[in-house]
Amino acid sequence: MPVLDQLVSAIRSAAIEVVDLTARLDATTPVIQLPEPFANTVSFSLREVSHYDARGPAWYWNDITTGEHTGTHFDAPVHWITGRDGADVSAVPVTSLIAPAVMLDFSEQAAADPDFLLEPAHVRQWEHEHGPLPDGGWLLYRTGWDARSGSQRAFLNADETGPHTPGVSVACARWLADEAPVIGLGVETVGTDAGAAHSFDPPFPCHAALLGAGKYGLTQLQNLAALPPTGAVVIAGPLPIAGGSGSPARVLALVER
Ligand code: MN
């Protein structure tokens, strides 16, 4: 049987499960909040154009307002100054949008310490147990943070010292960017960097190192708990916004059951 027929048949028979890694988009979808003097993005919103009424008797449609980095979304290299000469979101090769993925679960550590940071030693230990990170694939970093996504306050987890959400150390960000074979990092938090990463040296190391290396970010993912440590395939669908720095994305994972 042709391989695409096999794929469709496996999805229909549930031999391959399709796991939706995407958060629903609405006005309450958490968005990052930068402190003064920095500019902030808008929340998602709908504005009704017509709803089977005088404005359009047989049709319903809306205009949407959204930031590029709202909800489950894709970070393109040009999002960061280190990647300013890299690909905008419309230029990301489509072959990168279907890629293998591994899932590293540090939800217990993040529950115990919201400022938990992934270190190179954590990834090396994981590789010792599960094999190498996928060449040309995603590292999906589970922290359990998707359980907080219904509340902006719980999701950003900020106090007077700033946000406290798990992330990646400076050393690990550099290692993922420069040595690991992955094309990008996927996270459950509002961005790929830790909440406290504004205070790191250098600040925001995931953004700086990975996007500077031409790699990608996927953020505000859901349902990573449904993925096996290895063997999933991720399909990420950012809109090809011309010149865009990122885009809300539907992100699906194929998992063989
Ligand atoms: Mn982003």
# chains A, B, ... in the order shown; residues from 1 in each chain; ligands from 1
$ residues_near_ligand --ligand "ligand 1" --cutoff "7 Å" --atoms "only C-alpha atoms and all ligand atoms" --output "list of chain:residue names"
A:His69, A:His73, A:Phe74, A:Asp75, A:Gly191, A:Thr219, A:Gly246
$ write_last_selection --atoms "all heavy atoms" --output "JSON list (two decimals), in the first residue's frame"
[["chain", "number", "residue", "atom", "x", "y", "z"],
["A", 69, "HIS", "N", 2.56, 36.55, 18.60],
["A", 69, "HIS", "CA", 3.05, 35.69, 19.69],
["A", 69, "HIS", "C", 1.96, 35.49, 20.74],
["A", 69, "HIS", "O", 2.19, 35.59, 21.93],
["A", 69, "HIS", "CB", 4.33, 36.28, 20.28],
["A", 69, "HIS", "CG", 5.43, 36.36, 19.27],
["A", 69, "HIS", "ND1", 6.45, 35.43, 19.18],
["A", 69, "HIS", "CD2", 5.63, 37.23, 18.25],
["A", 69, "HIS", "CE1", 7.24, 35.74, 18.16],
["A", 69, "HIS", "NE2", 6.77, 36.84, 17.58],
["A", 73, "HIS", "N", 2.05, 29.30, 19.60],
["A", 73, "HIS", "CA", 2.60, 30.01, 18.45],
["A", 73, "HIS", "C", 4.03, 29.59, 18.14],
["A", 73, "HIS", "O", 4.68, 28.90, 18.92],
["A", 73, "HIS", "CB", 2.51, 31.54, 18.66],
["A", 73, "HIS", "CG", 3.42, 32.08, 19.72],
["A", 73, "HIS", "ND1", 3.04, 32.22, 21.03],
["A", 73, "HIS", "CD2", 4.70, 32.52, 19.67],
["A", 73, "HIS", "CE1", 4.03, 32.72, 21.73],
["A", 73, "HIS", "NE2", 5.07, 32.91, 20.93],
["A", 74, "PHE", "N", 4.46, 30.03, 16.97],
["A", 74, "PHE", "CA", 5.76, 29.68, 16.39],
["A", 74, "PHE", "C", 6.64, 30.92, 16.43],
["A", 74, "PHE", "O", 6.23, 31.99, 16.00],
["A", 74, "PHE", "CB", 5.51, 29.23, 14.94],
["A", 74, "PHE", "CG", 6.68, 28.61, 14.24],
["A", 74, "PHE", "CD1", 6.77, 27.22, 14.12],
["A", 74, "PHE", "CD2", 7.68, 29.39, 13.67],
["A", 74, "PHE", "CE1", 7.84, 26.63, 13.46],
["A", 74, "PHE", "CE2", 8.74, 28.80, 13.01],
["A", 74, "PHE", "CZ", 8.82, 27.42, 12.90],
["A", 75, "ASP", "N", 7.86, 30.78, 16.96],
["A", 75, "ASP", "CA", 8.86, 31.87, 16.92],
["A", 75, "ASP", "C", 9.79, 31.63, 15.75],
["A", 75, "ASP", "O", 10.47, 30.60, 15.68],
["A", 75, "ASP", "CB", 9.73, 31.86, 18.18],
["A", 75, "ASP", "CG", 9.04, 32.39, 19.43],
["A", 75, "ASP", "OD1", 7.90, 32.86, 19.35],
["A", 75, "ASP", "OD2", 9.68, 32.30, 20.51],
["A", 191, "GLY", "N", 6.68, 31.69, 26.82],
["A", 191, "GLY", "CA", 7.80, 31.85, 25.89],
["A", 191, "GLY", "C", 8.79, 30.74, 26.15],
["A", 191, "GLY", "O", 8.69, 30.02, 27.15],
["A", 219, "THR", "N", 5.60, 27.66, 21.48],
["A", 219, "THR", "CA", 5.26, 27.96, 22.87],
["A", 219, "THR", "C", 3.79, 27.74, 23.15],
["A", 219, "THR", "O", 2.98, 27.61, 22.24],
["A", 219, "THR", "CB", 5.60, 29.42, 23.20],
["A", 219, "THR", "OG1", 4.58, 30.24, 22.66],
["A", 219, "THR", "CG2", 6.93, 29.83, 22.64],
["A", 246, "GLY", "N", 6.61, 35.64, 13.78],
["A", 246, "GLY", "CA", 6.03, 34.44, 14.36],
["A", 246, "GLY", "C", 4.57, 34.40, 13.98],
["A", 246, "GLY", "O", 4.09, 35.29, 13.25]]
$ residues_around --residues "A:Asp105" --least-positions-apart "4" --cutoff "10 Å" --atoms "only C-alpha atoms" --output "list in words"
Gln109, Ala110, Trp126, Leu140, Tyr141, Arg142, Thr143, Gly144, Leu224, Ala225, Leu227, Pro228 and Pro229 of chain A
$ write_last_selection --atoms "N, CA and C atoms" --output "PDB file, in the first residue's frame"
ATOM      1  N   GLN A 109       9.715  18.408  38.685  1.00  0.00           N
ATOM      2  CA  GLN A 109      10.698  19.408  39.121  1.00  0.00           C
ATOM      3  C   GLN A 109      10.099  20.810  39.075  1.00  0.00           C
ATOM      4  N   ALA A 110       9.296  21.102  38.017  1.00  0.00           N
ATOM      5  CA  ALA A 110       8.703  22.435  37.890  1.00  0.00           C
ATOM      6  C   ALA A 110       7.609  22.659  38.929  1.00  0.00           C
ATOM      7  N   TRP A 126      18.754  12.189  30.050  1.00  0.00           N
ATOM      8  CA  TRP A 126      17.608  11.726  29.258  1.00  0.00           C
ATOM      9  C   TRP A 126      18.103  10.944  28.033  1.00  0.00           C
ATOM     10  N   LEU A 140      10.645  18.816  22.918  1.00  0.00           N
ATOM     11  CA  LEU A 140       9.449  19.329  23.584  1.00  0.00           C
ATOM     12  C   LEU A 140       9.649  19.167  25.087  1.00  0.00           C
ATOM     13  N   TYR A 141       9.580  20.270  25.788  1.00  0.00           N
ATOM     14  CA  TYR A 141       9.963  20.354  27.200  1.00  0.00           C
ATOM     15  C   TYR A 141       8.690  20.482  28.039  1.00  0.00           C
ATOM     16  N   ARG A 142       8.305  19.377  28.679  1.00  0.00           N
ATOM     17  CA  ARG A 142       7.088  19.392  29.485  1.00  0.00           C
ATOM     18  C   ARG A 142       7.388  19.846  30.901  1.00  0.00           C
ATOM     19  N   THR A 143       6.560  20.790  31.376  1.00  0.00           N
ATOM     20  CA  THR A 143       6.717  21.303  32.742  1.00  0.00           C
ATOM     21  C   THR A 143       5.403  21.251  33.521  1.00  0.00           C
ATOM     22  N   GLY A 144       4.316  20.801  32.877  1.00  0.00           N
ATOM     23  CA  GLY A 144       3.010  20.816  33.533  1.00  0.00           C
ATOM     24  C   GLY A 144       2.347  22.185  33.510  1.00  0.00           C
ATOM     25  N   LEU A 224       1.312  17.861  26.193  1.00  0.00           N
ATOM     26  CA  LEU A 224       2.567  17.127  25.994  1.00  0.00           C
ATOM     27  C   LEU A 224       2.579  15.829  26.809  1.00  0.00           C
ATOM     28  N   ALA A 225       1.771  15.773  27.871  1.00  0.00           N
ATOM     29  CA  ALA A 225       1.707  14.561  28.701  1.00  0.00           C
ATOM     30  C   ALA A 225       1.236  13.358  27.896  1.00  0.00           C
ATOM     31  N   LEU A 227       2.251  12.532  25.010  1.00  0.00           N
ATOM     32  CA  LEU A 227       3.279  12.090  24.056  1.00  0.00           C
ATOM     33  C   LEU A 227       4.240  11.110  24.724  1.00  0.00           C
ATOM     34  N   PRO A 228       4.741  10.149  23.948  1.00  0.00           N
ATOM     35  CA  PRO A 228       5.791   9.273  24.451  1.00  0.00           C
ATOM     36  C   PRO A 228       7.122  10.029  24.459  1.00  0.00           C
ATOM     37  N   PRO A 229       8.117   9.534  25.202  1.00  0.00           N
ATOM     38  CA  PRO A 229       9.419  10.209  25.200  1.00  0.00           C
ATOM     39  C   PRO A 229      10.012  10.317  23.797  1.00  0.00           C
TER      40      PRO A 229
END
$ closest_residue --among "A:Asp5, A:Asp146, A:Thr192, A:Gln152" --to "A:Ser107" --atoms "only C-alpha atoms"
A:Asp146
$ atom_distance --atom1 "atom CA of A:Trp175" --atom2 "atom CA of A:Thr189"
20.3 Å
$ residues_around --residues "A:Asp159" --least-positions-apart "6" --cutoff "12 Å" --atoms "only C-alpha atoms" --output "PDB file with all heavy atoms, in the first residue's frame"
ATOM      1  N   ARG A 153      -3.031  34.932  35.403  1.00  0.00           N
ATOM      2  CA  ARG A 153      -2.266  35.130  36.631  1.00  0.00           C
ATOM      3  C   ARG A 153      -1.450  33.884  36.978  1.00  0.00           C
ATOM      4  O   ARG A 153      -0.251  33.965  37.259  1.00  0.00           O
ATOM      5  CB  ARG A 153      -3.234  35.465  37.779  1.00  0.00           C
ATOM      6  CG  ARG A 153      -2.573  35.545  39.139  1.00  0.00           C
ATOM      7  CD  ARG A 153      -3.614  35.862  40.208  1.00  0.00           C
ATOM      8  NE  ARG A 153      -4.135  37.209  40.058  1.00  0.00           N
ATOM      9  CZ  ARG A 153      -3.620  38.288  40.668  1.00  0.00           C
ATOM     10  NH1 ARG A 153      -2.581  38.156  41.459  1.00  0.00           N
ATOM     11  NH2 ARG A 153      -4.149  39.462  40.502  1.00  0.00           N
ATOM     12  N   THR A 165       8.457  31.188  36.045  1.00  0.00           N
ATOM     13  CA  THR A 165       8.030  30.041  35.232  1.00  0.00           C
ATOM     14  C   THR A 165       9.282  29.289  34.791  1.00  0.00           C
ATOM     15  O   THR A 165      10.346  29.886  34.628  1.00  0.00           O
ATOM     16  CB  THR A 165       7.228  30.502  33.993  1.00  0.00           C
ATOM     17  OG1 THR A 165       8.059  31.324  33.167  1.00  0.00           O
ATOM     18  CG2 THR A 165       5.989  31.289  34.399  1.00  0.00           C
ATOM     19  N   GLY A 195      10.738  32.482  33.181  1.00  0.00           N
ATOM     20  CA  GLY A 195      10.152  33.748  33.620  1.00  0.00           C
ATOM     21  C   GLY A 195      11.199  34.729  34.101  1.00  0.00           C
ATOM     22  O   GLY A 195      11.087  35.933  33.890  1.00  0.00           O
ATOM     23  N   ALA A 196      12.257  34.186  34.742  1.00  0.00           N
ATOM     24  CA  ALA A 196      13.304  35.051  35.316  1.00  0.00           C
ATOM     25  C   ALA A 196      14.430  35.351  34.327  1.00  0.00           C
ATOM     26  O   ALA A 196      15.439  35.962  34.711  1.00  0.00           O
ATOM     27  CB  ALA A 196      13.882  34.398  36.569  1.00  0.00           C
TER      28      ALA A 196
END
$ residues_around --residues "A:Trp80" --least-positions-apart "3" --cutoff "12 Å" --atoms "only C-alpha atoms" --output "number ranges by chain"
A: 75-77, 83-88, 203-217, 244-246
$ write_last_selection --atoms "C-alpha atoms" --output "tab-separated table (two decimals), in the first residue's frame"
chain	number	residue	atom	x	y	z
A	75	ASP	CA	8.86	31.87	16.92
A	76	ALA	CA	10.80	32.50	13.71
A	77	PRO	CA	14.52	33.40	13.76
A	83	GLY	CA	18.40	36.18	14.16
A	84	ARG	CA	17.62	39.43	12.36
A	85	ASP	CA	19.18	38.16	9.12
A	86	GLY	CA	17.42	34.80	9.41
A	87	ALA	CA	14.07	33.51	8.19
A	88	ASP	CA	10.82	35.34	8.82
A	203	PRO	CA	19.21	37.72	29.17
A	204	PHE	CA	16.66	35.52	27.36
A	205	PRO	CA	19.27	32.90	26.37
A	206	CYS	CA	16.84	30.62	24.49
A	207	HIS	CA	15.65	33.41	22.26
A	208	ALA	CA	19.17	34.77	21.77
A	209	ALA	CA	20.95	31.46	21.13
A	210	LEU	CA	18.34	29.34	19.33
A	211	LEU	CA	16.86	32.02	17.08
A	212	GLY	CA	20.37	33.33	16.43
A	213	ALA	CA	21.32	29.84	15.26
A	214	GLY	CA	18.37	29.81	12.81
A	215	LYS	CA	16.35	27.49	15.04
A	216	TYR	CA	12.70	27.85	16.08
A	217	GLY	CA	10.46	28.07	19.11
A	244	GLY	CA	6.31	38.11	10.28
A	245	SER	CA	8.32	37.29	13.40
A	246	GLY	CA	6.03	34.44	14.36
$ closest_atom_pairs --of "stretch 121-174 of chain A" --to "stretch 19-34 of chain A" --cutoff "8 Å" --atoms "only C-alpha atoms" --output "Markdown table"
| residue | atom | partner | partner_atom | distance |
| --- | --- | --- | --- | --- |
| A:Ser149 | CA | A:Pro30 | CA | 6.7 |
| A:Gly150 | CA | A:Thr29 | CA | 7.2 |
| A:Ser151 | CA | A:Pro30 | CA | 6.9 |
| A:Gln152 | CA | A:Pro30 | CA | 4.7 |
| A:Phe155 | CA | A:Pro30 | CA | 7.0 |
| A:Leu156 | CA | A:Ile32 | CA | 7.3 |
$ select_by_dssp --residues "stretch 30-162 of chain A" --states "strand (DSSP E or B)" --output "ChimeraX atom specification"
/A:45-53,56-65,73-75,98-105,117-118,138-142,158-159,162
$ select_by_dssp --residues "stretch 13-255 of chain A" --states "alpha helix (DSSP H)" --output "PyMOL selection string"
chain A and resi 107-112+120-130+152-156+170-178+205-206+212
$ closest_residue --among "A:Ala177, A:Leu104, A:Ile64, A:Ala147" --to "A:Phe44" --atoms "only C-alpha atoms"
A:Ile64
$ atom_distance --atom1 "atom CA of A:Val251" --atom2 "atom CA of A:Phe38"
29.0 Å
